[in-house]
Amino acid sequence: MSHADLLSDLNEPQRQAVTHREGPMLILAGAGSGKTRTITYRIAHLIQQDPALAGRILAVTFTNKAAEEMKGRVISLLPPLQASPLVCTFHSFAVRVLRRYAQRVGYRADFTICDTDDQKRVYRTIYREMGLKDKELPARMVRSVISRAKNQGWGPREFLKNARSMDDEDIARVFDHYQRYMQASNAVDFDDLILLTVKLLRQHEDVRFRYSDWFRFLLIDEYQDTNKPQYDLIRNLTELHSNVCAVGDEDQSIYGFRGADINNILRFEKDYPGTRLIKLEQNYRSTQVILDAAGAVVANNLSRKGKTLWTESKGGRKIELFVAPSAKNEAGWVCDKIEECLGWGEEHLAVLYRTNFMSREFEEALRQRRIPYRLVGGVSFYSRKEVKDALAYLRLAINRSDNVSFLRIVNEPARGIGRTTLERLQKIASRRDLNLGEALSLALREHLLPGRAHKALQRFSELMDECESHLDLAFHLCLDKILESSGYRTALREEGTEEADNRLLNLDELINVAREASQRGATMQSFLDEAALRADTDEYDAKAAVTLMTLHNAKGLEFSTIFLVGCEEGLFPHQRAIQENDVEEERRLCYVGLTRAQRKIHLSYSRMRRFFGRDSHESNQPSRFLNELPTELVEAVHSPSWSPGSDHRRDSSFLPSWNEPPVVQRRPQPKAFAGITRNSKKSVQQFLDNLPRTSKPGAQPGQIVKGGTVEHPKYGRGRVLHVQDMGKDSKVTVQFPGLGIKKLIQSYARLRPV
DNA sequence: TTCAGAAGGATTTTT
DNA sequence: TCCTTCTGAA
């Protein structure tokens with residue numbers, strides 16, 4: 001592509017931004033104004049001007065997805081390059097730097113990266129060591145407080161200085177213990193990655209010089225989402241050349257919960273004197289209706305400078321709002337509409353929701369109708385137990401001081417190393433200031449533990465030595481060997497359940513991924529890093545026209561039609577945000593959601609929704625954001641099974657008929673249930689025994705129903721706890737006496753009702 | 001030490 | 001409902 005071509009795709013302000021030569025630049029861009037396009041083109045343009053610069057450009061994003069997309073686009077704009085620009089997330093950049101210089105900040109280069117799941121384990125261990133009870137000091141809360149403190153740049157000492165309550169003192173102790181534990185394990189968490197990099201750059205002038213000299217151009221996407229450590233990182237990197245280009249939109253700041261500080265963008269011009277400010281206000285994505293709606297909602301926020309987006313595509317289709325009596329009905333309506341859209345040949349549809357758990361209802365509905373979809377987020381491949389276990393073996397083989405991985409796999413599969421043994425080992429470790437691996441060798445050498453435990457530990461120690469010896473192999477082979485010799489696979493094979501089979505398949509898949517990575521020339525370390533930093537995106541069907549994801553995940557993307565579902569008070573805005581008085585961020589989230597749409601928005605909410613497997617007893621109120629939409633842009637649609645009424649509690653001048661009388665209350669449970677506690681099995685069994693076998697309305701005699709009994713060829717007779725319809729098959733949850741609860745696919749398990 | 005069953009608590013949002 | 005933790009029996 002020639003130079004002129006590149007620029008001819010752009011409007012005037014975009015062109016100015018792309019061709020800006022030296023010095024700091026701040027691009028304030030609205031939704032759909034070609035923000036990403038502008039920085040992508042800028043990168044391409046810089047390289048066109050001077051190909052030698054390519055490797056000295058650094059572009060930082062927040063998500064892997066954004067980084068991948070940007071990299072792909074830059075490459076497509078340019079002829080093949082010798083050096084390519086570095087496009088990556090803050091975290092992967094930090095890992096890159098730290099792998100080289102970790103020892104300067106007190107870690108070894110083979111440090112382990114702990115994800116949230118690992119972190120939880122660490123807290124559990126610490127709580128046990130410190131004799132703390134989760135009930136008295138909820139670990140969840142402590143984790144978030146500590147993470148927030150870290151993201152403010154505080155260590156345990158600073159935190160203690162600012163302590164406000166009794167709890168804070170305990171938290172400071174946990175904080176201190178946690179950091180020391182992690183350091184002893186040569187492990188870092190996500191927060192540490194950035195913090196340590198900042199510390200490194202701050203304290204070591206040569207390193208700072210090296211990076212800030214090398215990267216001549218720095219570009220940061222979504223600057224409004226940077227938190228303090230990320231800000232510090234950028235400051236350090238731009239010490240020599242202030243060729244920094246930040247792109248952001250104050251209205252799209254939705255990461256306050258992890259410390260994103262909107263002030264970073266507001267003070268940019270002060271931080272970098274001589275900043276060139278460019279505003280992109282023309283929207284290329286959406287219709288005027290959509291922009292007006294989104295603008296009207298976000299206008300209710302007090303803390304914003306305010307801007308008006310405009311578009312050349314006037315008018316547009318009204319927003320449709322559907323009020324469903326139940327979540328199932330809501331999903332059904334969404335599917336109807338999706339089928340309609342697909343019928344017209346639309347290809348980019350998205351169902352957006354506030355919290356991940358909402359995906360289930362929609363997945364089920366889509367699957368039943370055989371509509372292919374793609375789910376982004378949720379439980380990813382890399383966070384499955386078996387995958388994490390397998391990776392923990394590798395990590396421990398590389399980094400023998402990694403206590404986190406040690407604890408994860410020392411008795412996985414069960415090899416006779418129980419709680420007591422581990423507690424003793426941990427005592428030895430803490431008394432002599434050793435990590436668990438060292439404590440293990442010591443205990444073996446000096447026979448500190450009783451015979452049986454000693455033998456079990458001996459075997460484990462030999463196993464780890466063997467694993468370490470496999471490290472010379474290509475790492476997919478190494479992984480394969482480890483899974484065999486550790487007995488991990490054997491244990492799963494012996495289990496013989498369907499779940500175990502799936503786990504085995506996942507392990508095969510992991511080996512495939514590893515093989516591909518190793519053939520690409522990746523090192524084992526980089527393979528593990530990638531796995532740790534990629535906590536997202538599970539793509540079930542990459543070609544599917546329908547995408548399901550959270551609003552947060554949707555940032556930066558666009559779709560022709562969107563469905564913003566679950567617009568209920570308490571869900572969106574989330575209850576927590578309402579309590580903590582932070583509805584403005586939720587509103588920005590709403591803005592982000594609405595502005596993803598190019599042509600058409602569907603909104604919906606359900607008056608009834610199941611939480612924790614239980615129906616909400618009160619009728620849900622519509623989200624306040626619905627009330628903030630200009631009525632003339634919205635067209636209300638009702639469920640046929642529901643007739644509109646009026647609600648006297650609200651001013652009916654807005655939302656003409658959306659506030660309807662409460663749904664008929666769920667009938668209180670019959671008295672007969674009252675004496676049955678959930679777990680008193682006998683009485684439940686008695687109760688179930690007295691139920692007619694086909695207790696479900698519409699069930700055929702001989703059909704498998706909840707509360708009935710079934711026969712399984714291998715496990716024998718069991719009680720049906722739950723039947724989930726999946727179209728052709730059903731997922732049946734059965735309790736087999738003595739075998740526990742199993743989940744089976746009906747046709748596969750050949751269940752027979754008795 | 002291990003396992004099944006009982007009990008109780010949990011759902012923001014991302015790297 | 002689903003997941004983790006606790007408890008007691010083998």
# chains A, B, ... in the order shown; residues from 1 in each chain; ligands from 1
>>> residues_around(residues="DT4 of chain C", least_positions_apart="5", cutoff="12 Å", atoms="only C-alpha atoms (C1' of nucleotides)", output="NGL selection string")
(:A and (120-121 or 124 or 134)) or (:B and (7-10))
>>> write_last_selection(atoms="all heavy atoms", output="short mmCIF file (atom, residue, chain, number, x, y, z; two decimals), in the first residue's frame")
data_model
loop_
_atom_site.label_atom_id
_atom_site.label_comp_id
_atom_site.auth_asym_id
_atom_site.auth_seq_id
_atom_site.Cartn_x
_atom_site.Cartn_y
_atom_site.Cartn_z
N LYS A 120 -5.65 -17.28 45.22
CA LYS A 120 -6.58 -17.74 46.24
C LYS A 120 -5.96 -18.84 47.07
O LYS A 120 -6.11 -18.89 48.28
CB LYS A 120 -7.86 -18.26 45.59
CG LYS A 120 -8.80 -17.18 45.18
CD LYS A 120 -10.08 -17.79 44.64
CE LYS A 120 -10.83 -16.77 43.81
NZ LYS A 120 -11.77 -17.39 42.88
N ARG A 121 -5.24 -19.74 46.41
CA ARG A 121 -4.58 -20.83 47.13
C ARG A 121 -3.55 -20.28 48.10
O ARG A 121 -3.41 -20.76 49.21
CB ARG A 121 -3.88 -21.77 46.15
CG ARG A 121 -4.84 -22.60 45.39
CD ARG A 121 -4.16 -23.23 44.19
NE ARG A 121 -5.07 -24.17 43.60
CZ ARG A 121 -5.15 -25.43 43.96
NH1 ARG A 121 -4.35 -25.91 44.87
NH2 ARG A 121 -6.02 -26.23 43.39
N ARG A 124 -5.18 -19.04 51.08
CA ARG A 124 -5.66 -20.13 51.93
C ARG A 124 -4.51 -20.64 52.80
O ARG A 124 -4.65 -20.83 53.99
CB ARG A 124 -6.22 -21.25 51.05
CG ARG A 124 -7.52 -21.81 51.57
CD ARG A 124 -8.08 -22.83 50.59
NE ARG A 124 -8.57 -22.20 49.37
CZ ARG A 124 -8.70 -22.85 48.19
NH1 ARG A 124 -8.34 -24.12 48.10
NH2 ARG A 124 -9.15 -22.22 47.13
N ASP A 134 -11.58 -17.43 57.82
CA ASP A 134 -12.20 -16.69 56.72
C ASP A 134 -13.45 -15.96 57.19
O ASP A 134 -13.79 -14.90 56.70
CB ASP A 134 -12.55 -17.65 55.59
CG ASP A 134 -12.94 -16.91 54.33
OD1 ASP A 134 -12.02 -16.46 53.62
OD2 ASP A 134 -14.15 -16.76 54.09
P DA B 7 -26.50 -31.20 57.72
OP1 DA B 7 -26.85 -31.32 59.14
OP2 DA B 7 -27.52 -31.28 56.67
"O5'" DA B 7 -25.65 -29.87 57.51
"C5'" DA B 7 -24.41 -29.72 58.21
"C4'" DA B 7 -23.76 -28.44 57.75
"O4'" DA B 7 -23.10 -28.65 56.48
"C3'" DA B 7 -24.76 -27.29 57.53
"O3'" DA B 7 -24.30 -26.18 58.25
"C2'" DA B 7 -24.72 -27.05 56.02
"C1'" DA B 7 -23.34 -27.55 55.65
N9 DA B 7 -23.23 -28.03 54.28
C8 DA B 7 -24.07 -28.88 53.62
N7 DA B 7 -23.70 -29.15 52.39
C5 DA B 7 -22.53 -28.43 52.24
C6 DA B 7 -21.64 -28.29 51.15
N6 DA B 7 -21.82 -28.90 49.98
N1 DA B 7 -20.56 -27.50 51.32
C2 DA B 7 -20.40 -26.88 52.50
N3 DA B 7 -21.16 -26.95 53.59
C4 DA B 7 -22.22 -27.74 53.38
P DG B 8 -25.18 -24.94 58.42
OP1 DG B 8 -25.12 -24.60 59.84
OP2 DG B 8 -26.47 -25.17 57.74
"O5'" DG B 8 -24.38 -23.85 57.60
"C5'" DG B 8 -22.95 -23.88 57.60
"C4'" DG B 8 -22.44 -23.06 56.45
"O4'" DG B 8 -22.42 -23.87 55.24
"C3'" DG B 8 -23.34 -21.85 56.12
"O3'" DG B 8 -22.50 -20.75 55.90
"C2'" DG B 8 -24.05 -22.26 54.84
"C1'" DG B 8 -22.97 -23.11 54.19
N9 DG B 8 -23.44 -24.02 53.16
C8 DG B 8 -24.59 -24.78 53.18
N7 DG B 8 -24.74 -25.50 52.10
C5 DG B 8 -23.63 -25.18 51.32
C6 DG B 8 -23.23 -25.64 50.03
O6 DG B 8 -23.82 -26.44 49.31
N1 DG B 8 -22.03 -25.07 49.61
C2 DG B 8 -21.31 -24.17 50.35
N2 DG B 8 -20.18 -23.72 49.79
N3 DG B 8 -21.65 -23.73 51.55
C4 DG B 8 -22.82 -24.28 51.97
P DG B 9 -23.09 -19.31 55.89
OP1 DG B 9 -22.91 -18.76 57.24
OP2 DG B 9 -24.42 -19.33 55.26
"O5'" DG B 9 -22.08 -18.59 54.89
"C5'" DG B 9 -20.78 -19.15 54.61
"C4'" DG B 9 -20.44 -18.87 53.17
"O4'" DG B 9 -20.98 -19.92 52.34
"C3'" DG B 9 -21.01 -17.56 52.63
"O3'" DG B 9 -20.01 -16.92 51.86
"C2'" DG B 9 -22.19 -17.99 51.78
"C1'" DG B 9 -21.72 -19.34 51.28
N9 DG B 9 -22.80 -20.26 50.94
C8 DG B 9 -23.91 -20.55 51.70
N7 DG B 9 -24.71 -21.42 51.14
C5 DG B 9 -24.08 -21.71 49.93
C6 DG B 9 -24.47 -22.59 48.90
O6 DG B 9 -25.47 -23.31 48.83
N1 DG B 9 -23.55 -22.59 47.84
C2 DG B 9 -22.41 -21.83 47.81
N2 DG B 9 -21.64 -21.96 46.73
N3 DG B 9 -22.02 -21.01 48.78
C4 DG B 9 -22.91 -21.00 49.80
P DA B 10 -20.29 -15.45 51.34
OP1 DA B 10 -19.22 -14.63 51.89
OP2 DA B 10 -21.69 -15.09 51.53
"O5'" DA B 10 -20.04 -15.63 49.78
"C5'" DA B 10 -19.41 -16.84 49.31
"C4'" DA B 10 -19.40 -16.84 47.81
"O4'" DA B 10 -20.41 -17.75 47.33
"C3'" DA B 10 -19.72 -15.53 47.14
"O3'" DA B 10 -19.14 -15.57 45.87
"C2'" DA B 10 -21.23 -15.56 47.07
"C1'" DA B 10 -21.45 -17.01 46.70
N9 DA B 10 -22.70 -17.60 47.18
C8 DA B 10 -23.38 -17.33 48.32
N7 DA B 10 -24.45 -18.06 48.48
C5 DA B 10 -24.47 -18.87 47.35
C6 DA B 10 -25.35 -19.87 46.91
N6 DA B 10 -26.43 -20.25 47.59
N1 DA B 10 -25.07 -20.47 45.73
C2 DA B 10 -23.97 -20.10 45.06
N3 DA B 10 -23.06 -19.17 45.37
C4 DA B 10 -23.39 -18.59 46.54
#
>>> residues_around(residues="Phe559 of chain A", least_positions_apart="3", cutoff="8 Å", atoms="only C-alpha atoms (C1' of nucleotides)", output="PDB file with all heavy atoms, in the first residue's frame")
ATOM      1  N   HIS A 348     -22.951  -9.907  12.183  1.00  0.00           N
ATOM      2  CA  HIS A 348     -22.275  -9.503  13.413  1.00  0.00           C
ATOM      3  C   HIS A 348     -23.285  -9.126  14.476  1.00  0.00           C
ATOM      4  O   HIS A 348     -23.709  -7.988  14.566  1.00  0.00           O
ATOM      5  CB  HIS A 348     -21.320  -8.338  13.145  1.00  0.00           C
ATOM      6  CG  HIS A 348     -20.260  -8.687  12.164  1.00  0.00           C
ATOM      7  ND1 HIS A 348     -19.222  -9.524  12.480  1.00  0.00           N
ATOM      8  CD2 HIS A 348     -20.091  -8.346  10.874  1.00  0.00           C
ATOM      9  CE1 HIS A 348     -18.448  -9.673  11.422  1.00  0.00           C
ATOM     10  NE2 HIS A 348     -18.964  -8.969  10.424  1.00  0.00           N
ATOM     11  N   LEU A 349     -23.663 -10.125  15.250  1.00  0.00           N
ATOM     12  CA  LEU A 349     -24.636  -9.908  16.304  1.00  0.00           C
ATOM     13  C   LEU A 349     -23.961 -10.181  17.635  1.00  0.00           C
ATOM     14  O   LEU A 349     -23.090 -11.040  17.735  1.00  0.00           O
ATOM     15  CB  LEU A 349     -25.809 -10.880  16.153  1.00  0.00           C
ATOM     16  CG  LEU A 349     -26.496 -10.910  14.786  1.00  0.00           C
ATOM     17  CD1 LEU A 349     -27.526 -12.030  14.760  1.00  0.00           C
ATOM     18  CD2 LEU A 349     -27.143  -9.582  14.502  1.00  0.00           C
ATOM     19  N   ALA A 350     -24.371  -9.447  18.651  1.00  0.00           N
ATOM     20  CA  ALA A 350     -23.793  -9.710  19.962  1.00  0.00           C
ATOM     21  C   ALA A 350     -24.842  -9.631  21.040  1.00  0.00           C
ATOM     22  O   ALA A 350     -25.718  -8.772  21.012  1.00  0.00           O
ATOM     23  CB  ALA A 350     -22.683  -8.714  20.257  1.00  0.00           C
ATOM     24  N   ILE A 562     -26.942  -5.238  18.420  1.00  0.00           N
ATOM     25  CA  ILE A 562     -26.630  -5.772  19.741  1.00  0.00           C
ATOM     26  C   ILE A 562     -27.894  -5.998  20.562  1.00  0.00           C
ATOM     27  O   ILE A 562     -28.921  -5.346  20.358  1.00  0.00           O
ATOM     28  CB  ILE A 562     -25.677  -4.854  20.544  1.00  0.00           C
ATOM     29  CG1 ILE A 562     -26.349  -3.522  20.835  1.00  0.00           C
ATOM     30  CG2 ILE A 562     -24.351  -4.670  19.856  1.00  0.00           C
ATOM     31  CD1 ILE A 562     -25.955  -2.960  22.160  1.00  0.00           C
ATOM     32  N   ARG A 596     -21.645   0.067  20.865  1.00  0.00           N
ATOM     33  CA  ARG A 596     -21.069  -1.021  20.071  1.00  0.00           C
ATOM     34  C   ARG A 596     -21.878  -1.253  18.806  1.00  0.00           C
ATOM     35  O   ARG A 596     -21.436  -1.912  17.878  1.00  0.00           O
ATOM     36  CB  ARG A 596     -21.035  -2.346  20.847  1.00  0.00           C
ATOM     37  CG  ARG A 596     -20.175  -2.409  22.095  1.00  0.00           C
ATOM     38  CD  ARG A 596     -18.791  -1.923  21.898  1.00  0.00           C
ATOM     39  NE  ARG A 596     -18.719  -0.511  22.243  1.00  0.00           N
ATOM     40  CZ  ARG A 596     -17.717   0.288  21.881  1.00  0.00           C
ATOM     41  NH1 ARG A 596     -16.731  -0.187  21.173  1.00  0.00           N
ATOM     42  NH2 ARG A 596     -17.713   1.556  22.217  1.00  0.00           N
ATOM     43  N   ALA A 597     -23.140  -0.789  18.817  1.00  0.00           N
ATOM     44  CA  ALA A 597     -24.057  -1.141  17.730  1.00  0.00           C
ATOM     45  C   ALA A 597     -23.896  -0.210  16.541  1.00  0.00           C
ATOM     46  O   ALA A 597     -23.719   0.990  16.695  1.00  0.00           O
ATOM     47  CB  ALA A 597     -25.491  -1.077  18.238  1.00  0.00           C
ATOM     48  N   GLN A 598     -23.947  -0.800  15.370  1.00  0.00           N
ATOM     49  CA  GLN A 598     -23.909   0.007  14.161  1.00  0.00           C
ATOM     50  C   GLN A 598     -25.308   0.429  13.737  1.00  0.00           C
ATOM     51  O   GLN A 598     -25.522   1.565  13.354  1.00  0.00           O
ATOM     52  CB  GLN A 598     -23.255  -0.790  13.022  1.00  0.00           C
ATOM     53  CG  GLN A 598     -21.782  -1.070  13.284  1.00  0.00           C
ATOM     54  CD  GLN A 598     -21.221  -2.092  12.314  1.00  0.00           C
ATOM     55  OE1 GLN A 598     -21.804  -3.151  12.113  1.00  0.00           O
ATOM     56  NE2 GLN A 598     -20.093  -1.774  11.719  1.00  0.00           N
TER      57      GLN A 598
END
>>> closest_atom_pairs(of="chain A", to="chain B", cutoff="9 Å", atoms="only C-alpha atoms (C1' of nucleotides)", output="CSV")
residue,atom,partner,partner_atom,distance
A:Phe62,CA,B:DT15,C1',7.7
A:Thr63,CA,B:DT15,C1',7.4
A:Asn64,CA,B:DT15,C1',8.9
A:Thr89,CA,B:DT15,C1',8.5
A:Phe90,CA,B:DT15,C1',8.4
A:His91,CA,B:DT15,C1',6.5
A:Asp115,CA,B:DT15,C1',8.6
A:Phe190,CA,B:DT15,C1',6.2
A:Asp191,CA,B:DT15,C1',8.4
A:Ile254,CA,B:DT13,C1',8.2
A:Tyr255,CA,B:DT13,C1',7.5
A:Phe257,CA,B:DT13,C1',7.7
A:Arg258,CA,B:DT14,C1',8.2
A:Arg354,CA,B:DT12,C1',7.5
A:Thr355,CA,B:DT12,C1',6.0
A:Asn356,CA,B:DT11,C1',8.3
A:Phe357,CA,B:DT11,C1',7.0
A:Ala414,CA,B:DT2,C1',8.9
A:Gly416,CA,B:DT1,C1',6.4
A:Ile417,CA,B:DT1,C1',7.8
A:Gly418,CA,B:DT1,C1',6.1
A:Arg419,CA,B:DT1,C1',8.5
A:Leu533,CA,B:DT15,C1',6.4
A:Arg534,CA,B:DT15,C1',7.9
A:Ala535,CA,B:DT15,C1',7.7
A:Asp536,CA,B:DT14,C1',8.7
A:Thr550,CA,B:DT13,C1',8.1
A:Leu551,CA,B:DT13,C1',8.2
A:His552,CA,B:DT13,C1',6.2
A:Asn553,CA,B:DT14,C1',8.7
A:Leu571,CA,B:DT12,C1',8.9
A:His574,CA,B:DT12,C1',6.9
A:Gln575,CA,B:DT12,C1',8.8
A:Arg576,CA,B:DT12,C1',7.5
A:Ala577,CA,B:DT12,C1',8.6
A:Phe611,CA,B:DT11,C1',8.7
A:Phe612,CA,B:DA10,C1',8.1
A:Asn679,CA,B:DA6,C1',6.3
A:Ser680,CA,B:DA6,C1',8.3
A:Gly738,CA,B:DA4,C1',7.2
A:Leu739,CA,B:DA4,C1',8.0
A:Gly740,CA,B:DA4,C1',7.0
>>> closest_residue(among="A:Lys135, A:Arg42, A:His177, A:Lys35", to="chain C", atoms="only C-alpha atoms (C1' of nucleotides)")
A:Lys135
>>> select_by_dssp(residues="segment 158-401 of chain A", states="strand (DSSP E)", output="PyMOL selection string")
chain A and resi 187-189+217-220+244-248+276-280+319-324+349-353+373-375
>>> write_last_selection(atoms="N, CA, C and O atoms", output="compact mmCIF listing (two decimals), in the first residue's frame")
# COMPACT_ATOMS: atom_id res chain seq x y z
N ALA A 187 7.56 -16.16 43.06
CA ALA A 187 6.32 -16.02 42.30
C ALA A 187 5.81 -14.59 42.36
O ALA A 187 6.02 -13.89 43.34
N VAL A 188 5.15 -14.17 41.29
CA VAL A 188 4.57 -12.82 41.26
C VAL A 188 3.12 -12.90 40.83
O VAL A 188 2.73 -13.82 40.12
N ASP A 189 2.32 -11.95 41.28
CA ASP A 189 0.94 -11.91 40.79
C ASP A 189 0.82 -10.83 39.71
O ASP A 189 1.80 -10.17 39.37
N PHE A 217 9.02 5.50 19.94
CA PHE A 217 7.62 5.90 19.90
C PHE A 217 6.80 4.97 20.77
O PHE A 217 6.92 3.76 20.69
N LEU A 218 6.00 5.59 21.60
CA LEU A 218 5.17 4.82 22.51
C LEU A 218 3.71 5.20 22.26
O LEU A 218 3.36 6.39 22.24
N LEU A 219 2.87 4.20 22.07
CA LEU A 219 1.45 4.47 21.86
C LEU A 219 0.64 3.69 22.89
O LEU A 219 0.92 2.51 23.13
N ILE A 220 -0.33 4.35 23.50
CA ILE A 220 -1.13 3.67 24.51
C ILE A 220 -2.60 3.79 24.17
O ILE A 220 -3.13 4.89 24.04
N VAL A 244 5.14 10.25 22.93
CA VAL A 244 4.11 9.37 23.47
C VAL A 244 2.76 9.80 22.90
O VAL A 244 2.47 10.98 22.78
N CYS A 245 2.01 8.81 22.51
CA CYS A 245 0.70 9.11 21.93
C CYS A 245 -0.35 8.33 22.72
O CYS A 245 -0.35 7.11 22.72
N ALA A 246 -1.18 9.05 23.45
CA ALA A 246 -2.20 8.40 24.26
C ALA A 246 -3.56 8.61 23.63
O ALA A 246 -3.88 9.69 23.16
N VAL A 247 -4.33 7.55 23.61
CA VAL A 247 -5.66 7.61 23.02
C VAL A 247 -6.67 7.21 24.06
O VAL A 247 -6.49 6.21 24.75
N GLY A 248 -7.71 7.99 24.20
CA GLY A 248 -8.68 7.59 25.20
C GLY A 248 -9.99 8.34 25.10
O GLY A 248 -10.16 9.26 24.31
N ARG A 276 0.18 17.91 21.77
CA ARG A 276 -0.76 18.23 20.71
C ARG A 276 -2.06 17.50 21.02
O ARG A 276 -2.05 16.29 21.25
N LEU A 277 -3.14 18.25 21.08
CA LEU A 277 -4.43 17.66 21.41
C LEU A 277 -5.27 17.49 20.16
O LEU A 277 -5.46 18.44 19.40
N ILE A 278 -5.73 16.30 19.95
CA ILE A 278 -6.57 16.06 18.78
C ILE A 278 -7.86 15.42 19.22
O ILE A 278 -7.86 14.48 20.03
N LYS A 279 -8.97 15.94 18.73
CA LYS A 279 -10.26 15.37 19.11
C LYS A 279 -10.90 14.68 17.91
O LYS A 279 -10.94 15.24 16.83
N LEU A 280 -11.35 13.49 18.14
CA LEU A 280 -12.07 12.79 17.09
C LEU A 280 -13.52 12.68 17.53
O LEU A 280 -13.83 11.95 18.45
N ILE A 319 -34.86 1.89 19.04
CA ILE A 319 -34.40 0.86 19.96
C ILE A 319 -35.61 0.05 20.40
O ILE A 319 -36.65 0.63 20.73
N GLU A 320 -35.47 -1.26 20.40
CA GLU A 320 -36.59 -2.08 20.83
C GLU A 320 -36.37 -2.51 22.27
O GLU A 320 -35.28 -2.95 22.63
N LEU A 321 -37.39 -2.39 23.07
CA LEU A 321 -37.28 -2.83 24.46
C LEU A 321 -38.29 -3.93 24.74
O LEU A 321 -39.47 -3.78 24.45
N PHE A 322 -37.81 -5.00 25.30
CA PHE A 322 -38.69 -6.12 25.59
C PHE A 322 -38.70 -6.38 27.09
O PHE A 322 -37.66 -6.46 27.72
N VAL A 323 -39.91 -6.49 27.63
CA VAL A 323 -40.05 -6.82 29.04
C VAL A 323 -40.51 -8.26 29.14
O VAL A 323 -41.60 -8.59 28.68
N ALA A 324 -39.69 -9.11 29.71
CA ALA A 324 -40.03 -10.52 29.75
C ALA A 324 -40.51 -10.92 31.13
O ALA A 324 -40.06 -10.36 32.12
N LEU A 349 -23.66 -10.12 15.25
CA LEU A 349 -24.64 -9.91 16.30
C LEU A 349 -23.96 -10.18 17.64
O LEU A 349 -23.09 -11.04 17.74
N ALA A 350 -24.37 -9.45 18.65
CA ALA A 350 -23.79 -9.71 19.96
C ALA A 350 -24.84 -9.63 21.04
O ALA A 350 -25.72 -8.77 21.01
N VAL A 351 -24.77 -10.56 21.97
CA VAL A 351 -25.58 -10.50 23.17
C VAL A 351 -24.66 -10.04 24.29
O VAL A 351 -23.65 -10.70 24.56
N LEU A 352 -24.96 -8.90 24.88
CA LEU A 352 -24.09 -8.34 25.90
C LEU A 352 -24.78 -8.34 27.25
O LEU A 352 -25.97 -8.05 27.35
N TYR A 353 -24.04 -8.69 28.28
CA TYR A 353 -24.62 -8.73 29.62
C TYR A 353 -23.60 -8.24 30.62
O TYR A 353 -22.41 -8.13 30.32
N TYR A 373 -22.98 -20.11 18.13
CA TYR A 373 -22.59 -18.88 18.80
C TYR A 373 -21.16 -19.03 19.27
O TYR A 373 -20.58 -20.10 19.23
N ARG A 374 -20.63 -17.91 19.73
CA ARG A 374 -19.27 -17.88 20.19
C ARG A 374 -19.30 -17.21 21.54
O ARG A 374 -19.90 -16.16 21.70
N LEU A 375 -18.70 -17.84 22.51
CA LEU A 375 -18.72 -17.30 23.86
C LEU A 375 -17.34 -16.75 24.19
O LEU A 375 -16.35 -17.44 24.06
>>> interface_residues(of="chain C", to="chain A", cutoff="12 Å", atoms="only C-alpha atoms (C1' of nucleotides)", output="JSON, numbers by chain")
{"C": [1, 2, 3, 4, 5]}
>>> write_last_selection(atoms="N, CA, C and O atoms (P, O5', C5', C4', C3', O3' and C1' of nucleotides)", output="CSV table (one decimal), in the first residue's frame")
chain,number,residue,atom,x,y,z
C,1,DT,P,-30.9,-27.8,41.6
C,1,DT,O5',-30.5,-26.9,40.4
C,1,DT,C5',-30.4,-25.5,40.7
C,1,DT,C4',-29.0,-25.0,40.2
C,1,DT,C3',-27.9,-26.0,40.2
C,1,DT,O3',-27.0,-25.8,39.1
C,1,DT,C1',-27.4,-24.2,41.6
C,2,DC,P,-25.9,-26.9,38.8
C,2,DC,O5',-24.6,-26.2,39.5
C,2,DC,C5',-24.1,-25.0,39.0
C,2,DC,C4',-22.9,-24.5,39.9
C,2,DC,C3',-21.9,-25.6,40.1
C,2,DC,O3',-20.6,-25.0,40.0
C,2,DC,C1',-22.6,-24.8,42.2
C,3,DC,P,-19.3,-25.9,39.9
C,3,DC,O5',-18.4,-25.5,41.1
C,3,DC,C5',-18.1,-24.1,41.3
C,3,DC,C4',-17.8,-23.9,42.8
C,3,DC,C3',-16.7,-24.9,43.3
C,3,DC,O3',-15.5,-24.2,43.6
C,3,DC,C1',-18.5,-24.7,44.8
C,4,DT,P,-14.2,-25.1,44.0
C,4,DT,O5',-14.1,-24.8,45.6
C,4,DT,C5',-14.3,-23.4,46.0
C,4,DT,C4',-14.5,-23.5,47.5
C,4,DT,C3',-13.4,-24.3,48.3
C,4,DT,O3',-12.9,-23.5,49.3
C,4,DT,C1',-15.6,-25.0,48.9
C,5,DT,P,-11.8,-24.2,50.3
C,5,DT,O5',-12.6,-24.6,51.5
C,5,DT,C5',-13.4,-23.6,52.2
C,5,DT,C4',-14.1,-24.3,53.4
C,5,DT,C3',-13.1,-25.1,54.3
C,5,DT,O3',-13.4,-24.8,55.6
C,5,DT,C1',-15.0,-26.4,53.5
>>> atom_distance(atom1="atom CA of Tyr488 of chain A", atom2="atom CA of Tyr127 of chain A")
28.5 Å
